[in-house]
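Visitor: Enclosed is the structure file my_file_23.cif (mmCIF, C-alpha atoms).
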```
data_work
loop_
_atom_site.group_PDB
_atom_site.id
_atom_site.type_symbol
_atom_site.label_atom_id
_atom_site.label_comp_id
_atom_site.auth_asym_id
_atom_site.auth_seq_id
_atom_site.Cartn_x
_atom_site.Cartn_y
_atom_site.Cartn_z
ATOM 1 C CA MET A 37 109.633 178.073 -17.345
ATOM 2 C CA VAL A 38 112.822 177.270 -15.440
ATOM 3 C CA ALA A 39 116.122 178.157 -17.090
ATOM 4 C CA PRO A 40 118.025 175.168 -18.560
ATOM 5 C CA GLY A 41 120.458 173.715 -16.043
ATOM 6 C CA GLN A 42 118.848 175.448 -13.072
ATOM 7 C CA VAL A 43 118.301 173.112 -10.117
ATOM 8 C CA GLN A 44 115.238 173.926 -8.030
ATOM 9 C CA GLN A 45 115.678 173.619 -4.268
ATOM 10 C CA VAL A 46 112.553 172.043 -2.766
ATOM 11 C CA ALA A 47 111.777 172.141 0.963
ATOM 12 C CA VAL A 48 109.059 169.808 2.252
ATOM 13 C CA LEU A 49 107.602 171.027 5.548
ATOM 14 C CA ALA A 50 106.566 168.121 7.794
ATOM 15 C CA LEU A 51 104.095 168.857 10.597
ATOM 16 C CA ASP A 52 102.823 166.703 13.451
ATOM 17 C CA GLY A 53 100.211 164.288 12.124
ATOM 18 C CA VAL A 54 101.813 164.138 8.680
ATOM 19 C CA TYR A 55 100.820 161.280 6.400
ATOM 20 C CA PRO A 56 104.021 159.392 5.445
ATOM 21 C CA PHE A 57 102.743 158.647 1.941
ATOM 22 C CA GLU A 58 102.106 162.281 1.077
ATOM 23 C CA LEU A 59 105.349 163.351 2.759
ATOM 24 C CA GLY A 60 107.290 161.169 0.334
ATOM 25 C CA ILE A 61 105.532 162.277 -2.848
ATOM 26 C CA PRO A 62 107.689 165.358 -3.662
ATOM 27 C CA SER A 63 110.927 163.420 -3.365
ATOM 28 C CA ARG A 64 109.627 160.431 -5.313
ATOM 29 C CA ILE A 65 108.236 162.467 -8.211
ATOM 30 C CA LEU A 66 110.545 165.458 -8.482
ATOM 31 C CA GLU A 67 113.784 163.550 -8.018
ATOM 32 C CA ALA A 68 112.684 161.180 -10.791
ATOM 33 C CA ALA A 69 113.693 164.106 -13.020
ATOM 34 C CA PRO A 70 117.456 163.737 -12.463
ATOM 35 C CA GLY A 71 119.388 166.952 -11.955
ATOM 36 C CA LEU A 72 116.341 169.232 -11.984
ATOM 37 C CA TYR A 73 115.205 169.244 -8.337
ATOM 38 C CA GLU A 74 116.850 168.688 -4.963
ATOM 39 C CA VAL A 75 114.307 167.778 -2.270
ATOM 40 C CA SER A 76 114.941 168.145 1.473
ATOM 41 C CA THR A 77 112.631 167.789 4.472
ATOM 42 C CA CYS A 78 112.305 170.152 7.432
ATOM 43 C CA SER A 79 110.107 170.743 10.475
ATOM 44 C CA ALA A 80 108.805 173.998 11.897
ATOM 45 C CA ASP A 81 111.028 173.831 14.976
ATOM 46 C CA GLY A 82 113.832 171.480 13.933
ATOM 47 C CA GLY A 83 112.581 168.663 16.135
ATOM 48 C CA PRO A 84 111.173 165.193 15.402
ATOM 49 C CA VAL A 85 107.706 164.942 13.852
ATOM 50 C CA ARG A 86 104.879 162.600 14.849
ATOM 51 C CA THR A 87 103.309 160.961 11.838
ATOM 52 C CA ALA A 88 99.716 159.837 11.311
ATOM 53 C CA SER A 89 101.069 156.287 11.547
ATOM 54 C CA ASP A 90 102.631 154.592 14.557
ATOM 55 C CA PHE A 91 106.107 156.086 14.254
ATOM 56 C CA VAL A 92 108.017 159.342 14.641
ATOM 57 C CA ILE A 93 110.429 160.683 12.020
ATOM 58 C CA ASP A 94 113.697 162.449 12.707
ATOM 59 C CA VAL A 95 113.676 165.384 10.287
ATOM 60 C CA PRO A 96 117.173 166.482 9.261
ATOM 61 C CA HIS A 97 116.486 170.223 8.908
ATOM 62 C CA GLY A 98 114.794 173.033 10.780
ATOM 63 C CA PRO A 99 112.898 176.049 9.412
ATOM 64 C CA GLU A 100 116.108 177.661 8.157
ATOM 65 C CA LEU A 101 115.760 175.409 5.100
ATOM 66 C CA LEU A 102 112.844 177.592 3.997
ATOM 67 C CA ASP A 103 115.092 180.659 3.699
ATOM 68 C CA SER A 104 116.603 179.491 0.420
ATOM 69 C CA ALA A 105 113.928 177.182 -1.026
ATOM 70 C CA ASP A 106 112.657 177.782 -4.547
ATOM 71 C CA ILE A 107 109.627 175.561 -3.882
ATOM 72 C CA VAL A 108 108.014 174.864 -0.501
ATOM 73 C CA VAL A 109 105.648 171.895 -0.114
ATOM 74 C CA ILE A 110 103.267 171.684 2.835
ATOM 75 C CA ALA A 111 102.620 167.964 3.280
ATOM 76 C CA SER A 112 99.145 166.904 4.402
ATOM 77 C CA ILE A 113 98.281 166.063 7.988
ATOM 78 C CA THR A 114 95.475 164.059 9.535
ATOM 79 C CA PRO A 115 92.323 166.198 10.006
ATOM 80 C CA ALA A 116 92.522 165.643 13.766
ATOM 81 C CA GLU A 117 95.800 167.603 13.796
ATOM 82 C CA ILE A 118 94.549 170.619 11.817
ATOM 83 C CA PRO A 119 95.093 173.516 14.239
ATOM 84 C CA ALA A 120 92.369 176.061 14.966
ATOM 85 C CA GLU A 121 95.162 178.637 15.105
ATOM 86 C CA LEU A 122 98.690 178.278 13.807
ATOM 87 C CA PRO A 123 101.316 177.667 16.522
ATOM 88 C CA GLY A 124 103.940 180.347 16.849
ATOM 89 C CA ALA A 125 106.722 178.108 15.535
ATOM 90 C CA LEU A 126 104.741 177.323 12.404
ATOM 91 C CA THR A 127 103.818 180.961 11.823
ATOM 92 C CA GLY A 128 107.485 181.864 12.129
ATOM 93 C CA ALA A 129 108.501 179.093 9.752
ATOM 94 C CA LEU A 130 106.018 180.209 7.088
ATOM 95 C CA ALA A 131 107.266 183.796 7.425
ATOM 96 C CA ARG A 132 110.704 182.611 6.298
ATOM 97 C CA ILE A 133 109.454 181.592 2.842
ATOM 98 C CA ARG A 134 110.898 183.901 0.196
ATOM 99 C CA ALA A 135 108.469 186.142 -1.714
ATOM 100 C CA GLU A 136 109.536 184.609 -5.025
ATOM 101 C CA ALA A 137 109.288 180.998 -3.854
ATOM 102 C CA ARG A 138 106.460 178.821 -5.118
ATOM 103 C CA ILE A 139 104.278 177.088 -2.546
ATOM 104 C CA VAL A 140 102.496 173.749 -2.914
ATOM 105 C CA SER A 141 100.003 172.196 -0.503
ATOM 106 C CA ILE A 142 98.938 168.574 -0.555
ATOM 107 C CA CYS A 143 95.401 167.835 0.703
ATOM 108 C CA THR A 144 94.962 169.309 4.202
ATOM 109 C CA GLY A 145 98.078 171.408 3.725
ATOM 110 C CA ALA A 146 95.673 173.961 2.229
ATOM 111 C CA PHE A 147 94.261 174.523 5.738
ATOM 112 C CA ILE A 148 97.711 175.666 6.869
ATOM 113 C CA LEU A 149 98.088 178.098 3.981
ATOM 114 C CA ALA A 150 94.558 179.422 4.464
ATOM 115 C CA ALA A 151 95.102 179.917 8.207
ATOM 116 C CA ALA A 152 98.192 181.947 7.359
ATOM 117 C CA GLY A 153 96.126 184.169 5.045
ATOM 118 C CA MET A 154 98.011 183.033 1.952
ATOM 119 C CA LEU A 155 94.874 181.886 0.139
ATOM 120 C CA ASP A 156 92.622 184.895 0.761
ATOM 121 C CA GLY A 157 90.995 185.949 -2.509
ATOM 122 C CA ARG A 158 92.513 182.994 -4.332
ATOM 123 C CA ARG A 159 91.031 179.869 -5.832
ATOM 124 C CA ALA A 160 92.150 176.705 -4.027
ATOM 125 C CA THR A 161 91.230 173.090 -3.385
ATOM 126 C CA THR A 162 91.528 170.440 -0.701
ATOM 127 C CA HIS A 163 90.037 167.008 -0.013
ATOM 128 C CA TRP A 164 86.366 166.936 -1.054
ATOM 129 C CA ASN A 165 85.310 165.463 2.302
ATOM 130 C CA LEU A 166 86.659 168.523 4.138
ATOM 131 C CA ALA A 167 85.138 171.146 1.832
ATOM 132 C CA ASP A 168 82.358 172.227 4.217
ATOM 133 C CA LEU A 169 84.767 172.621 7.125
ATOM 134 C CA PHE A 170 87.193 174.576 4.938
ATOM 135 C CA ARG A 171 84.463 176.954 3.722
ATOM 136 C CA ARG A 172 83.264 177.623 7.274
ATOM 137 C CA ARG A 173 86.765 178.448 8.461
ATOM 138 C CA PHE A 174 87.979 180.354 5.439
ATOM 139 C CA PRO A 175 85.115 182.138 3.649
ATOM 140 C CA ARG A 176 87.532 184.480 1.875
ATOM 141 C CA VAL A 177 89.046 181.585 -0.084
ATOM 142 C CA ASN A 178 87.394 180.575 -3.364
ATOM 143 C CA LEU A 179 87.325 176.821 -2.737
ATOM 144 C CA ASP A 180 86.856 174.454 -5.664
ATOM 145 C CA PRO A 181 86.450 170.917 -4.258
ATOM 146 C CA ASP A 182 85.799 169.347 -7.663
ATOM 147 C CA VAL A 183 89.345 169.440 -9.078
ATOM 148 C CA LEU A 184 92.560 167.521 -8.435
ATOM 149 C CA PHE A 185 94.692 170.651 -8.137
ATOM 150 C CA VAL A 186 94.536 174.406 -8.622
ATOM 151 C CA ASP A 187 97.426 176.403 -10.069
ATOM 152 C CA GLU A 188 97.227 180.041 -8.991
ATOM 153 C CA GLY A 189 100.673 180.949 -10.244
ATOM 154 C CA ARG A 190 102.790 181.208 -7.127
ATOM 155 C CA ILE A 191 100.564 178.890 -5.057
ATOM 156 C CA LEU A 192 99.464 175.406 -6.081
ATOM 157 C CA THR A 193 96.933 173.526 -3.952
ATOM 158 C CA SER A 194 95.993 169.888 -4.474
ATOM 159 C CA ALA A 195 93.302 167.532 -3.274
ATOM 160 C CA GLY A 196 93.600 164.335 -1.260
ATOM 161 C CA ALA A 197 96.511 161.900 -1.111
ATOM 162 C CA ALA A 198 97.520 160.854 -4.640
ATOM 163 C CA SER A 199 96.596 164.243 -6.102
ATOM 164 C CA GLY A 200 99.935 165.327 -4.672
ATOM 165 C CA VAL A 201 101.406 163.192 -7.465
ATOM 166 C CA ASP A 202 99.327 165.153 -9.994
ATOM 167 C CA ALA A 203 100.492 168.444 -8.509
ATOM 168 C CA CYS A 204 104.179 167.483 -8.578
ATOM 169 C CA LEU A 205 103.913 166.240 -12.151
ATOM 170 C CA HIS A 206 102.256 169.557 -13.001
ATOM 171 C CA LEU A 207 105.288 171.343 -11.554
ATOM 172 C CA VAL A 208 107.595 169.302 -13.768
ATOM 173 C CA ARG A 209 105.364 169.901 -16.793
ATOM 174 C CA THR A 210 105.239 173.650 -16.123
ATOM 175 C CA ASP A 211 108.981 173.909 -15.512
ATOM 176 C CA HIS A 212 110.306 171.578 -18.196
ATOM 177 C CA GLY A 213 107.545 170.552 -20.614
ATOM 178 C CA SER A 214 105.248 167.596 -21.087
ATOM 179 C CA GLU A 215 107.865 165.207 -22.492
ATOM 180 C CA ILE A 216 110.006 165.328 -19.341
ATOM 181 C CA ALA A 217 106.872 165.101 -17.182
ATOM 182 C CA ALA A 218 105.766 162.034 -19.150
ATOM 183 C CA ALA A 219 109.199 160.457 -18.662
ATOM 184 C CA VAL A 220 108.959 161.064 -14.914
ATOM 185 C CA ALA A 221 105.492 159.517 -14.870
ATOM 186 C CA ARG A 222 106.784 156.431 -16.659
ATOM 187 C CA ARG A 223 109.636 156.033 -14.161
ATOM 188 C CA CYS A 224 107.171 156.246 -11.272
ATOM 189 C CA VAL A 225 104.553 154.092 -13.042
ATOM 190 C CA VAL A 226 101.795 156.693 -12.676
ATOM 191 C CA PRO A 227 99.610 158.379 -15.307
ATOM 192 C CA PRO A 228 101.174 161.613 -16.605
ATOM 193 C CA TYR A 229 97.802 163.331 -16.390
ATOM 194 C CA ARG A 230 94.576 162.132 -14.772
ATOM 195 C CA ASP A 231 91.240 162.938 -16.356
ATOM 196 C CA GLY A 232 88.413 164.547 -14.466
ATOM 197 C CA GLY A 233 88.290 165.810 -10.926
ATOM 198 C CA GLN A 234 87.431 164.740 -7.399
ATOM 199 C CA ALA A 235 83.796 164.036 -8.276
ATOM 200 C CA GLN A 236 84.784 160.590 -9.543
ATOM 201 C CA TYR A 237 86.036 159.656 -6.058
ATOM 202 C CA ILE A 238 83.128 160.934 -3.986
ATOM 203 C CA GLU A 239 81.054 158.225 -2.371
ATOM 204 C CA GLN A 240 77.947 157.499 -4.408
ATOM 205 C CA PRO A 241 75.615 154.572 -5.096
ATOM 206 C CA VAL A 242 77.290 151.598 -6.744
ATOM 207 C CA PRO A 243 76.126 151.313 -10.390
ATOM 208 C CA ASP A 244 74.294 148.278 -11.672
ATOM 209 C CA PRO A 245 77.020 145.628 -12.103
ATOM 210 C CA GLY A 246 75.401 144.534 -15.338
ATOM 211 C CA SER A 247 75.732 147.964 -16.904
ATOM 212 C CA ALA A 248 78.680 148.999 -19.046
ATOM 213 C CA GLY A 249 80.837 151.982 -18.188
ATOM 214 C CA THR A 250 82.040 154.775 -20.435
ATOM 215 C CA ALA A 251 85.747 153.824 -20.504
ATOM 216 C CA PRO A 252 85.572 152.029 -23.896
ATOM 217 C CA ALA A 253 83.933 155.088 -25.449
ATOM 218 C CA ARG A 254 86.640 157.323 -23.973
ATOM 219 C CA SER A 255 89.371 155.093 -25.375
ATOM 220 C CA TRP A 256 87.728 155.185 -28.785
ATOM 221 C CA ALA A 257 87.401 158.976 -28.615
ATOM 222 C CA LEU A 258 91.114 159.391 -27.869
ATOM 223 C CA GLU A 259 91.907 157.475 -31.059
ATOM 224 C CA HIS A 260 89.514 159.639 -33.097
ATOM 225 C CA LEU A 261 90.107 163.162 -31.744
ATOM 226 C CA ARG A 262 90.603 164.472 -35.296
ATOM 227 C CA GLU A 263 87.031 163.502 -36.157
ATOM 228 C CA PRO A 264 83.829 165.316 -35.170
ATOM 229 C CA LEU A 265 82.834 163.944 -31.772
ATOM 230 C CA ASP A 266 79.481 164.708 -30.220
ATOM 231 C CA LEU A 267 77.435 163.287 -27.392
ATOM 232 C CA ALA A 268 75.295 161.182 -29.708
ATOM 233 C CA ALA A 269 78.333 159.510 -31.310
ATOM 234 C CA LEU A 270 79.900 158.657 -27.952
ATOM 235 C CA ALA A 271 76.593 157.365 -26.597
ATOM 236 C CA ARG A 272 76.221 155.083 -29.616
ATOM 237 C CA ARG A 273 79.690 153.650 -28.989
ATOM 238 C CA ALA A 274 78.636 152.859 -25.411
ATOM 239 C CA GLY A 275 75.232 151.500 -26.399
ATOM 240 C CA MET A 276 73.416 154.070 -24.263
ATOM 241 C CA SER A 277 70.999 156.910 -24.770
ATOM 242 C CA PRO A 278 72.707 160.328 -24.812
ATOM 243 C CA ARG A 279 71.063 161.255 -21.510
ATOM 244 C CA THR A 280 72.180 158.073 -19.738
ATOM 245 C CA PHE A 281 75.669 158.290 -21.215
ATOM 246 C CA SER A 282 76.097 161.923 -20.162
ATOM 247 C CA ARG A 283 74.970 161.181 -16.609
ATOM 248 C CA ARG A 284 77.200 158.107 -16.263
ATOM 249 C CA PHE A 285 80.190 159.801 -17.925
ATOM 250 C CA THR A 286 80.037 162.749 -15.535
ATOM 251 C CA ALA A 287 79.730 160.407 -12.545
ATOM 252 C CA GLU A 288 82.782 158.385 -13.657
ATOM 253 C CA VAL A 289 85.058 161.149 -14.904
ATOM 254 C CA GLY A 290 83.994 164.244 -12.980
ATOM 255 C CA VAL A 291 83.343 166.460 -16.015
ATOM 256 C CA SER A 292 80.831 166.445 -18.866
ATOM 257 C CA PRO A 293 81.644 164.616 -22.125
ATOM 258 C CA GLY A 294 81.992 167.903 -23.988
ATOM 259 C CA ALA A 295 84.387 169.388 -21.453
ATOM 260 C CA TRP A 296 86.430 166.181 -21.418
ATOM 261 C CA ILE A 297 86.791 166.143 -25.207
ATOM 262 C CA ILE A 298 87.932 169.773 -25.239
ATOM 263 C CA GLY A 299 90.440 169.003 -22.488
ATOM 264 C CA GLN A 300 91.855 166.041 -24.426
ATOM 265 C CA ARG A 301 92.149 168.127 -27.583
ATOM 266 C CA VAL A 302 93.952 170.882 -25.713
ATOM 267 C CA ALA A 303 96.307 168.298 -24.170
ATOM 268 C CA ARG A 304 97.077 166.855 -27.610
ATOM 269 C CA ALA A 305 97.608 170.373 -28.956
ATOM 270 C CA ARG A 306 100.079 171.112 -26.158
ATOM 271 C CA HIS A 307 102.132 168.090 -27.142
ATOM 272 C CA LEU A 308 102.179 169.102 -30.809
ATOM 273 C CA LEU A 309 103.068 172.701 -29.990
ATOM 274 C CA GLU A 310 106.009 171.508 -27.905
ATOM 275 C CA SER A 311 107.272 168.761 -30.176
ATOM 276 C CA SER A 312 106.532 169.941 -33.741
ATOM 277 C CA ASP A 313 106.687 173.001 -35.965
ATOM 278 C CA LEU A 314 103.192 172.550 -37.392
ATOM 279 C CA GLN A 315 101.282 175.740 -38.124
ATOM 280 C CA ILE A 316 98.514 176.592 -35.651
ATOM 281 C CA ASP A 317 95.766 175.812 -38.170
ATOM 282 C CA ARG A 318 97.337 172.420 -38.836
ATOM 283 C CA VAL A 319 97.579 171.701 -35.115
ATOM 284 C CA ALA A 320 93.884 172.557 -34.836
ATOM 285 C CA GLU A 321 93.103 170.102 -37.626
ATOM 286 C CA GLU A 322 95.192 167.342 -36.056
ATOM 287 C CA VAL A 323 93.437 167.575 -32.685
ATOM 288 C CA GLY A 324 89.892 168.022 -33.958
ATOM 289 C CA PHE A 325 89.196 171.728 -33.596
ATOM 290 C CA ALA A 326 87.335 173.074 -36.611
ATOM 291 C CA THR A 327 89.582 176.112 -37.056
ATOM 292 C CA GLY A 328 92.698 177.718 -35.695
ATOM 293 C CA THR A 329 90.447 180.326 -34.115
ATOM 294 C CA SER A 330 88.593 177.623 -32.213
ATOM 295 C CA LEU A 331 91.892 176.144 -30.993
ATOM 296 C CA ARG A 332 93.105 179.563 -29.851
ATOM 297 C CA ARG A 333 89.895 180.235 -27.939
ATOM 298 C CA HIS A 334 89.791 176.902 -26.122
ATOM 299 C CA PHE A 335 93.553 176.837 -25.538
ATOM 300 C CA HIS A 336 93.554 180.300 -23.981
ATOM 301 C CA ALA A 337 90.582 179.392 -21.789
ATOM 302 C CA ALA A 338 92.422 176.315 -20.498
ATOM 303 C CA MET A 339 96.005 177.585 -20.305
ATOM 304 C CA ALA A 340 95.609 181.391 -19.994
ATOM 305 C CA VAL A 341 98.113 181.852 -22.848
ATOM 306 C CA THR A 342 97.853 181.689 -26.620
ATOM 307 C CA PRO A 343 99.105 178.620 -28.517
ATOM 308 C CA SER A 344 101.902 180.705 -30.044
ATOM 309 C CA ALA A 345 103.053 181.998 -26.655
ATOM 310 C CA TYR A 346 102.930 178.480 -25.233
ATOM 311 C CA ARG A 347 105.060 177.203 -28.104
ATOM 312 C CA ARG A 348 107.657 179.952 -27.662
ATOM 313 C CA THR A 349 107.953 179.122 -23.968
ATOM 314 C CA PHE A 350 108.168 175.334 -24.168
ATOM 315 C CA GLN A 351 110.101 174.892 -27.402
ATOM 316 C CA ARG A 352 113.005 176.702 -25.764
ATOM 317 C CA SER A 353 113.553 173.568 -23.681
ATOM 318 C CA ARG A 354 113.738 171.254 -26.702
#
```
As structure tokens - that is how I would like this structure written.
Guide:
Amino acid sequence: MVAPGQVQQVAVLALDGVYPFELGIPSRILEAAPGLYEVSTCSADGGPVRTASDFVIDVPHGPELLDSADIVVIASITPAEIPAELPGALTGALARIRAEARIVSICTGAFILAAAGMLDGRRATTHWNLADLFRRRFPRVNLDPDVLFVDEGRILTSAGAASGVDACLHLVRTDHGSEIAAAVARRCVVPPYRDGGQAQYIEQPVPDPGSAGTAPARSWALEHLREPLDLAALARRAGMSPRTFSRRFTAEVGVSPGAWIIGQRVARARHLLESSDLQIDRVAEEVGFATGTSLRRHFHAAMAVTPSAYRRTFQRSR
């Protein structure tokens, strides 16, 4: 949790082959939280940077910007530009990052961090289509290609393209709470939190156009989280057999129905813990967990902290 009034200095490192869209994500998202982040862009050698499009950008700062950054973002580059070995200028630039600074990679930016040894022994993610290449190059990294981002404390890695939005919103949520993150999402007209993982974007056979999806059942479930929700009930809402519903749900969302429901209940519990003084057992009742013990178990599994500790941290920003 960032101290109230503290402005985080964010340095976005642009490399040759950078995707302009991903390069602009940190500024667009983080600076939509006025007065909380200052975002600047730098290159590894202080010179212009070739983009993945048909233009070159004149970057205003060199690697010295990394000396004082609180957060460093490695913007994604086209796969054709991923180096087999890091150039000396880039190695030197990464060495300037302070030990206490947080580091974020967007998509192929994870290849840069892994090549620098920063991801050894850590869990990380990158674009699902590059997972095999990543594993071959970096066997000491615990790659999870099924998620939109991975938060390992100091280092946050995200998947392809728009998952950089998810990662930056996660930074805001972690630093300042879900209400400010939701306000930022509204300003940028993006969802404050996307369900599921990368599995929903992987190429797969097109479903029968005459068949219904699971979205209506998910919408209904979100309105009835307090009630007992099981696979059979959701399948009935969708007019499918439980087996068909489970298969289609996982294909669309990226996680099983049971895991999705638990995730939604934990998300609702986080909001109540931040914004209300309800007792833990009452929070559990409001979000559909049978007992406070059940809430504590699932919450700790998802957030690595207890509900009470989470409340103490995030209510300080209210």
Visitor: Please determine, counting all atoms listed in the file, which residue among A:Val225, A:Ile61, A:Ala151, A:Val109 has the shortest atom-to-atom distance to Ala197 of chain A.
Guide: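 Nearest candidate to Ala197 of chain A out of A:Val225, A:Ile61, A:Ala151, A:Val109: A:Ile61.
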Visitor: Return the padded bounding box of segment 141-146 of chain A as lines of an AutoDock Vina configuration file: axis-aligned, built from all atoms listed in the file, 6 Å added on each side, with centre and edge lengths in Å to one decimal.
Guide:
```
center_x = 97.5
center_y = 170.9
center_z = 1.8
size_x = 17.0
size_y = 18.1
size_z = 16.8
```
Visitor: Within 7 Å of (111.9, 162.0, 13.9) (coordinates as in the file), grab all the protein and nucleic acid residues, counting only C-alpha atoms, and write them out as a ChimeraX atom specification.
Guide: /A:84-85,92-95
Visitor: Could you list, as number ranges by chain, every residue matched by the PyMOL selection byres ((chain A and resi 89) around 9) in this structure?
Guide: A: 53-56, 86-88, 90-92
Visitor: Which residues would end up in the selection if the PyMOL selection byres ((chain A and resi 302) around 10) were applied here, given that I need the answer as a list of chain:residue names?
Guide: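 On this input, the PyMOL selection byres ((chain A and resi 302) around 10) captures A:Trp296, A:Ile297, A:Ile298, A:Gly299, A:Gln300, A:Arg301, A:Ala303, A:Arg304, A:Ala305, A:Arg306, A:His307, A:Leu308, A:Ala320, A:Val323, A:Gly324, A:Phe325, A:Leu331, A:Arg332, A:His334, A:Phe335, A:His336, A:Ala337, A:Ala338, A:Met339, A:Pro343.
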Visitor: How would the residues just chosen look if you wrote them out with C-alpha atoms as a PDB file, keeping the file's coordinate frame?
Guide:
```pdb
ATOM      1  CA  TRP A 296      86.430 166.181 -21.418  1.00  0.00           C
ATOM      2  CA  ILE A 297      86.791 166.143 -25.207  1.00  0.00           C
ATOM      3  CA  ILE A 298      87.932 169.773 -25.239  1.00  0.00           C
ATOM      4  CA  GLY A 299      90.440 169.003 -22.488  1.00  0.00           C
ATOM      5  CA  GLN A 300      91.855 166.041 -24.426  1.00  0.00           C
ATOM      6  CA  ARG A 301      92.149 168.127 -27.583  1.00  0.00           C
ATOM      7  CA  ALA A 303      96.307 168.298 -24.170  1.00  0.00           C
ATOM      8  CA  ARG A 304      97.077 166.855 -27.610  1.00  0.00           C
ATOM      9  CA  ALA A 305      97.608 170.373 -28.956  1.00  0.00           C
ATOM     10  CA  ARG A 306     100.079 171.112 -26.158  1.00  0.00           C
ATOM     11  CA  HIS A 307     102.132 168.090 -27.142  1.00  0.00           C
ATOM     12  CA  LEU A 308     102.179 169.102 -30.809  1.00  0.00           C
ATOM     13  CA  ALA A 320      93.884 172.557 -34.836  1.00  0.00           C
ATOM     14  CA  VAL A 323      93.437 167.575 -32.685  1.00  0.00           C
ATOM     15  CA  GLY A 324      89.892 168.022 -33.958  1.00  0.00           C
ATOM     16  CA  PHE A 325      89.196 171.728 -33.596  1.00  0.00           C
ATOM     17  CA  LEU A 331      91.892 176.144 -30.993  1.00  0.00           C
ATOM     18  CA  ARG A 332      93.105 179.563 -29.851  1.00  0.00           C
ATOM     19  CA  HIS A 334      89.791 176.902 -26.122  1.00  0.00           C
ATOM     20  CA  PHE A 335      93.553 176.837 -25.538  1.00  0.00           C
ATOM     21  CA  HIS A 336      93.554 180.300 -23.981  1.00  0.00           C
ATOM     22  CA  ALA A 337      90.582 179.392 -21.789  1.00  0.00           C
ATOM     23  CA  ALA A 338      92.422 176.315 -20.498  1.00  0.00           C
ATOM     24  CA  MET A 339      96.005 177.585 -20.305  1.00  0.00           C
ATOM     25  CA  PRO A 343      99.105 178.620 -28.517  1.00  0.00           C
TER      26      PRO A 343
END
```
Visitor: For Asp180 of chain A, which of A:Arg223, A:Arg134, A:Arg283, A:Arg158 is the closest residue, counting all atoms listed in the file?
Guide: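 The answer is A:Arg158, which sits nearest to Asp180 of chain A.
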Visitor: Please determine, counting only C-alpha atoms, which residue among A:Glu288, A:Asp106, A:Asp81, A:Asp156 has the shortest atom-to-atom distance to Ala125 of chain A.
Guide: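 The answer is A:Asp81, which sits nearest to Ala125 of chain A.
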Visitor: Determine the residue set returned by the PyMOL selection byres ((chain A and resi 201) around 9) for the present structure, and present it as a VMD selection string.
Guide: chain A and resid 58 61 to 62 64 to 65 197 to 200 202 to 206 226
Visitor: Smallest atom-to-atom distance to Ala146 of chain A: which of A:Asn178, A:Thr329, A:Ser292, A:Ser112, using only C-alpha atoms?
Guide: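 Nearest candidate to Ala146 of chain A out of A:Asn178, A:Thr329, A:Ser292, A:Ser112: A:Ser112.
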Visitor: Can you work out which one of A:Gly213, A:Pro264, A:Gly290, A:Pro119 has the shortest atom-to-atom distance to Glu310 of chain A, counting only C-alpha atoms?
Guide: A:Gly213
Visitor: What gap, in Å, lies between atom CA of Val183 of chain A and atom CA of Thr250 of chain A?
Guide: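 Separating atom CA of Val183 of chain A from atom CA of Thr250 of chain A is a distance of 19.9 Å.
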Visitor: Excluding same-chain residues fewer than 3 positions from Ile139 of chain A, what lies within 7 Å of it counting only C-alpha atoms, as a PyMOL selection string?
Guide: chain A and resi 107-109+190-192
Visitor: Would you mind putting N, CA and C atoms back on segment 148-157 of chain A and writing the result as a JSON list (two decimals), in the frame of the given file?
Guide:
```
[["chain", "number", "residue", "atom", "x", "y", "z"],
["A", 148, "ILE", "N", 96.60, 174.91, 6.30],
["A", 148, "ILE", "CA", 97.71, 175.67, 6.87],
["A", 148, "ILE", "C", 97.92, 176.97, 6.11],
["A", 149, "LEU", "N", 97.90, 176.89, 4.78],
["A", 149, "LEU", "CA", 98.09, 178.10, 3.98],
["A", 149, "LEU", "C", 96.94, 179.07, 4.19],
["A", 150, "ALA", "N", 95.71, 178.55, 4.26],
["A", 150, "ALA", "CA", 94.56, 179.42, 4.46],
["A", 150, "ALA", "C", 94.61, 180.09, 5.83],
["A", 151, "ALA", "N", 95.01, 179.34, 6.86],
["A", 151, "ALA", "CA", 95.10, 179.92, 8.21],
["A", 151, "ALA", "C", 96.15, 181.01, 8.27],
["A", 152, "ALA", "N", 97.15, 180.92, 7.41],
["A", 152, "ALA", "CA", 98.19, 181.95, 7.36],
["A", 152, "ALA", "C", 97.79, 183.13, 6.48],
["A", 153, "GLY", "N", 96.60, 183.08, 5.90],
["A", 153, "GLY", "CA", 96.13, 184.17, 5.04],
["A", 153, "GLY", "C", 96.66, 184.14, 3.64],
["A", 154, "MET", "N", 97.38, 183.08, 3.27],
["A", 154, "MET", "CA", 98.01, 183.03, 1.95],
["A", 154, "MET", "C", 97.03, 182.73, 0.82],
["A", 155, "LEU", "N", 95.84, 182.26, 1.17],
["A", 155, "LEU", "CA", 94.87, 181.89, 0.14],
["A", 155, "LEU", "C", 93.71, 182.88, 0.03],
["A", 156, "ASP", "N", 93.71, 183.92, 0.82],
["A", 156, "ASP", "CA", 92.62, 184.90, 0.76],
["A", 156, "ASP", "C", 92.48, 185.46, -0.65],
["A", 157, "GLY", "N", 91.25, 185.42, -1.18],
["A", 157, "GLY", "CA", 91.00, 185.95, -2.51],
["A", 157, "GLY", "C", 91.46, 185.07, -3.64]]
```
